[in-house]
Amino acid sequence: MIKAIDRFLDHQTMYRLVLYYLVALLGSALVLGLFRLLPQDPVALALSTVVVLIACWITNRVFAAVFHVPANNESVYITALILALILDPIAAIDLKGIGAIVLACVWAISSKFILAIGRKHLFNPAALGVALTALLLDQPATWWVGGNLPLLPVVLVGGLLIVRKLRRFDLVATFIAVALVTILATSEPSQYLTALRETLGSSPLLFFAFVMLTEPLTAPATWWPRIAFAAIVGFLFAPNIHVGSFYFTPELALLAGNLFAYAVSPKGRFVLTLERIEQSAADSYDFIFRSPRKLAFQAGQYLEWTLGLDRPDNRGNRRYFTVASAPTEDSVRLGVKFYTRSSAFKQALGMMK
């Protein structure tokens with residue numbers, strides 16, 4: 001069973017898997033709403049989803065053109081669907097609500113360009129978008145996806161697949177453990193069972209851990225910073241944690257963790273130059289790149305690679321590949337196996353000179 005799951009996961013990109021997961025959650029919510037098993041109105045939910053998709057897509061296109069960078073459509077759709085799942089659905093006559101959702105989308109997507117120091121994201125885009133909406137417009141995220149028990153099986157099963165794909169069980173387990181311990185420590189003993197039941201079944205804890213916390217671009221890649229990051233966010237996630245009269249929300253807890261992650265992580269992204277291509281087998285090639293500065297990584301570590309594509313297919317323009325070269329080498333070697341029907345990404349990679 002585990003081998004079959006791993007085979008399925010190996011044939012999915014991380015972005016594609018998360019996208020499938022979010023679509024499954026929204027689809028399930030729409031169906032459950034039609035049967036009145038969820039309090040969310042399915043018509044309002046459908047409208048909200050359309051609004052966030054359009055707003056995020058347009059914003060991304062505009063900023064990609066202004067900053068002259070490749071547009072990653074999958075990343076845009078993921079951010080949009082996350083916003084649809086954590087912001088309250090809106091009615092067609094609620095112009096204030098529509099405006100708030102549009103601004104949340106603009107703030108979320110624009111942060112990928114404006115708050116990208118050295119081309120590295122500083123904050124989780126969706127978390128920043130809803131934090132600004134709450135602060136400036138008094139339209140906070142309700143995280144309704146985590147507050148509906150009928151959706152819990154979909155949240156749990158799909159979320160575990162994402163964690164399995166990313167190999168981030170240590171991150172998620174640390175976050176959940178610290179969050180639960182902190183919640184219990186700040187609750188009355190007589191309320192322990194109620195607190196646990198509400199946290200695990202009627203809070204955004206699991207969705208937050210599976211989708212928001214594991215976002216690779218704003219979380220540390222190495223072990224000890226990753227565990228510290230999870231512990232910080234888990235502690236601040238507890239609803240009773242506050243500084244004076246200031247209480248943390250899930251998105252604020254994550255933004256605080258993002259600052260720590262940025263402080264302890266390598267700064268910026270690397271733009272590599274292709275030096276040569278070597279054929280290692282009948283259908284496999286090694287791409288040897290030159291980096292403008294020393295690339296620090298561990299043996300067997302995977303990196304995210306972005307390639308500008310004129311016409312990306314439905315698998316997008318980003319991939320995760322393991323670095324085939326040793327950490328002591330000056331060049332960066334990428335081993336790629338090509339199939340008869342390769343993706344647009346691999347086709348473009350194979351045509352590089």
# chains A, B, ... in the order shown; residues from 1 in each chain; ligands from 1
call {"tool": "closest_atom_pairs", "arguments": {"of": "segment 141-189 of chain A", "to": "segment 87-103 of chain A", "cutoff": "12 Å", "atoms": "only C-alpha atoms", "output": "JSON lines"}}
result
{"residue": "A:Ala141", "atom": "CA", "partner": "A:Leu87", "partner_atom": "CA", "distance": 4.7}
{"residue": "A:Thr142", "atom": "CA", "partner": "A:Leu87", "partner_atom": "CA", "distance": 5.7}
{"residue": "A:Trp143", "atom": "CA", "partner": "A:Leu87", "partner_atom": "CA", "distance": 6.3}
{"residue": "A:Trp144", "atom": "CA", "partner": "A:Asp88", "partner_atom": "CA", "distance": 7.0}
{"residue": "A:Val145", "atom": "CA", "partner": "A:Leu87", "partner_atom": "CA", "distance": 9.0}
{"residue": "A:Gly146", "atom": "CA", "partner": "A:Leu87", "partner_atom": "CA", "distance": 11.4}
{"residue": "A:Gly147", "atom": "CA", "partner": "A:Asp88", "partner_atom": "CA", "distance": 11.7}
call {"tool": "select_by_dssp", "arguments": {"residues": "segment 44-267 of chain A", "states": "helix (DSSP H, G or I)", "output": "ChimeraX atom specification"}}
result
/A:44-67,73-86,95-114,125-137,144-146,149-166,169-185,189-201,205-213,216-218,223-237,250-264
call {"tool": "closest_residue", "arguments": {"among": "A:Glu304, A:Glu215, A:Glu278, A:Asp283", "to": "Leu254 of chain A", "atoms": "only C-alpha atoms"}}
result
A:Glu215
call {"tool": "closest_residue", "arguments": {"among": "A:Arg318, A:Val332, A:Leu38, A:Pro266", "to": "Gly118 of chain A", "atoms": "only C-alpha atoms"}}
result
A:Pro266
call {"tool": "residues_around", "arguments": {"residues": "Gly350 of chain A", "least_positions_apart": "6", "cutoff": "10 Å", "atoms": "only C-alpha atoms", "output": "list in words"}}
result
Ile277, Tyr285, Phe287, Val336, Phe338, Ser342 and Ala344 of chain A
call {"tool": "residues_around", "arguments": {"residues": "Glu329 of chain A", "least_positions_apart": "6", "cutoff": "12 Å", "atoms": "only C-alpha atoms", "output": "ChimeraX atom specification"}}
result
/A:288-291,294-299,323
call {"tool": "write_last_selection", "arguments": {"atoms": "N, CA and C atoms", "output": "mmCIF file, in the first residue's frame"}}
result
data_model
loop_
_atom_site.group_PDB
_atom_site.id
_atom_site.type_symbol
_atom_site.label_atom_id
_atom_site.label_comp_id
_atom_site.auth_asym_id
_atom_site.auth_seq_id
_atom_site.Cartn_x
_atom_site.Cartn_y
_atom_site.Cartn_z
ATOM 1 N N ILE A 288 25.142 20.468 -16.365
ATOM 2 C CA ILE A 288 26.134 21.055 -15.474
ATOM 3 C C ILE A 288 26.027 22.571 -15.551
ATOM 4 N N PHE A 289 25.746 23.172 -14.399
ATOM 5 C CA PHE A 289 25.527 24.615 -14.331
ATOM 6 C C PHE A 289 26.643 25.299 -13.540
ATOM 7 N N ARG A 290 26.829 26.563 -13.826
ATOM 8 C CA ARG A 290 27.751 27.413 -13.073
ATOM 9 C C ARG A 290 26.932 28.393 -12.243
ATOM 10 N N SER A 291 27.289 28.517 -10.964
ATOM 11 C CA SER A 291 26.573 29.407 -10.062
ATOM 12 C C SER A 291 27.379 30.683 -9.836
ATOM 13 N N LYS A 294 28.881 30.525 -4.343
ATOM 14 C CA LYS A 294 28.907 29.163 -3.818
ATOM 15 C C LYS A 294 27.517 28.750 -3.353
ATOM 16 N N LEU A 295 27.086 27.595 -3.822
ATOM 17 C CA LEU A 295 25.784 27.058 -3.454
ATOM 18 C C LEU A 295 25.972 26.038 -2.339
ATOM 19 N N ALA A 296 25.472 26.346 -1.154
ATOM 20 C CA ALA A 296 25.616 25.457 0.000
ATOM 21 C C ALA A 296 24.429 24.498 0.057
ATOM 22 N N PHE A 297 24.711 23.208 0.044
ATOM 23 C CA PHE A 297 23.652 22.203 0.144
ATOM 24 C C PHE A 297 24.238 20.923 0.707
ATOM 25 N N GLN A 298 23.374 20.025 1.133
ATOM 26 C CA GLN A 298 23.794 18.737 1.656
ATOM 27 C C GLN A 298 23.659 17.679 0.574
ATOM 28 N N ALA A 299 24.480 16.637 0.676
ATOM 29 C CA ALA A 299 24.430 15.551 -0.304
ATOM 30 C C ALA A 299 23.031 14.942 -0.333
ATOM 31 N N VAL A 323 20.106 17.439 -6.302
ATOM 32 C CA VAL A 323 21.393 17.867 -6.849
ATOM 33 C C VAL A 323 22.296 16.646 -6.954
#
call {"tool": "residues_around", "arguments": {"residues": "Ala230 of chain A", "least_positions_apart": "3", "cutoff": "7 Å", "atoms": "only C-alpha atoms", "output": "list in words"}}
result
Leu171, Thr174, Phe175, Arg226, Ile227, Val233 and Gly234 of chain A
call {"tool": "residues_around", "arguments": {"residues": "Asp10 of chain A", "least_positions_apart": "5", "cutoff": "12 Å", "atoms": "only C-alpha atoms", "output": "list of chain:residue names"}}
result
A:Lys3, A:Ala4, A:Ile5, A:Arg16, A:Leu17, A:Leu161, A:Ile162, A:Arg164, A:Lys165, A:Leu166, A:Arg319, A:Tyr320, A:Phe321
call {"tool": "write_last_selection", "arguments": {"atoms": "C-alpha atoms", "output": "mmCIF file, in the first residue's frame"}}
result
data_model
loop_
_atom_site.group_PDB
_atom_site.id
_atom_site.type_symbol
_atom_site.label_atom_id
_atom_site.label_comp_id
_atom_site.auth_asym_id
_atom_site.auth_seq_id
_atom_site.Cartn_x
_atom_site.Cartn_y
_atom_site.Cartn_z
ATOM 1 C CA LYS A 3 4.717 1.621 -2.171
ATOM 2 C CA ALA A 4 1.660 2.303 -4.331
ATOM 3 C CA ILE A 5 1.136 5.643 -2.592
ATOM 4 C CA ARG A 16 0.297 19.813 -8.549
ATOM 5 C CA LEU A 17 -0.405 17.674 -5.467
ATOM 6 C CA LEU A 161 -0.219 12.831 1.299
ATOM 7 C CA ILE A 162 1.336 16.298 1.060
ATOM 8 C CA ARG A 164 4.541 12.335 2.772
ATOM 9 C CA LYS A 165 5.501 13.942 -0.535
ATOM 10 C CA LEU A 166 7.533 16.681 1.151
ATOM 11 C CA ARG A 319 10.269 21.289 -10.475
ATOM 12 C CA TYR A 320 12.050 19.742 -7.519
ATOM 13 C CA PHE A 321 15.221 17.857 -8.471
#
call {"tool": "closest_residue", "arguments": {"among": "A:Phe210, A:Tyr192, A:Trp107, A:Trp57", "to": "Leu22 of chain A", "atoms": "only C-alpha atoms"}}
result
A:Phe210
call {"tool": "residues_around", "arguments": {"residues": "Thr340 of chain A", "least_positions_apart": "6", "cutoff": "12 Å", "atoms": "only C-alpha atoms", "output": "ChimeraX atom specification"}}
result
/A:283-284,346-347
call {"tool": "select_by_dssp", "arguments": {"residues": "segment 45-292 of chain A", "states": "strand (DSSP E or B)", "output": "ChimeraX atom specification"}}
result
/A:116-117,120-121,242-243,246-247,273-281,284-290
call {"tool": "write_last_selection", "arguments": {"atoms": "C-alpha atoms", "output": "compact mmCIF listing (two decimals), in the first residue's frame"}}
result
# COMPACT_ATOMS: atom_id res chain seq x y z
CA ALA A 116 10.97 38.93 -2.19
CA ILE A 117 14.40 39.90 -0.88
CA LYS A 120 13.37 34.86 -1.88
CA HIS A 121 9.90 35.14 -0.36
CA HIS A 242 -0.87 37.24 23.75
CA VAL A 243 1.45 40.19 24.32
CA PHE A 246 -2.41 41.78 21.35
CA TYR A 247 -3.51 38.23 20.54
CA THR A 273 24.28 29.38 -16.23
CA LEU A 274 24.41 26.17 -18.27
CA GLU A 275 27.99 25.09 -19.01
CA ARG A 276 27.46 21.78 -20.77
CA ILE A 277 25.25 18.71 -21.11
CA GLU A 278 26.55 15.15 -20.67
CA GLN A 279 24.65 12.00 -21.62
CA SER A 280 24.80 9.51 -18.75
CA ALA A 281 22.48 6.82 -20.21
CA SER A 284 19.31 10.34 -19.13
CA TYR A 285 21.40 13.49 -19.21
CA ASP A 286 23.44 15.51 -16.73
CA PHE A 287 23.11 19.29 -16.93
CA ILE A 288 26.13 21.06 -15.47
CA PHE A 289 25.53 24.62 -14.33
CA ARG A 290 27.75 27.41 -13.07
call {"tool": "atom_distance", "arguments": {"atom1": "atom CA of Ser325 of chain A", "atom2": "atom CA of Val69 of chain A"}}
result
27.2 Å
call {"tool": "closest_residue", "arguments": {"among": "A:Ile78, A:Leu309, A:Ala209, A:Val50", "to": "Val18 of chain A", "atoms": "only C-alpha atoms"}}
result
A:Ile78
call {"tool": "atom_distance", "arguments": {"atom1": "atom CA of Pro150 of chain A", "atom2": "atom CA of Ile2 of chain A"}}
result
25.8 Å
call {"tool": "closest_residue", "arguments": {"among": "A:Ala348, A:Leu32, A:Ala173, A:Leu85", "to": "Ala126 of chain A", "atoms": "only C-alpha atoms"}}
result
A:Leu85
call {"tool": "closest_residue", "arguments": {"among": "A:Tyr21, A:Leu115, A:Asn148, A:Phe8", "to": "Arg36 of chain A", "atoms": "only C-alpha atoms"}}
result
A:Asn148
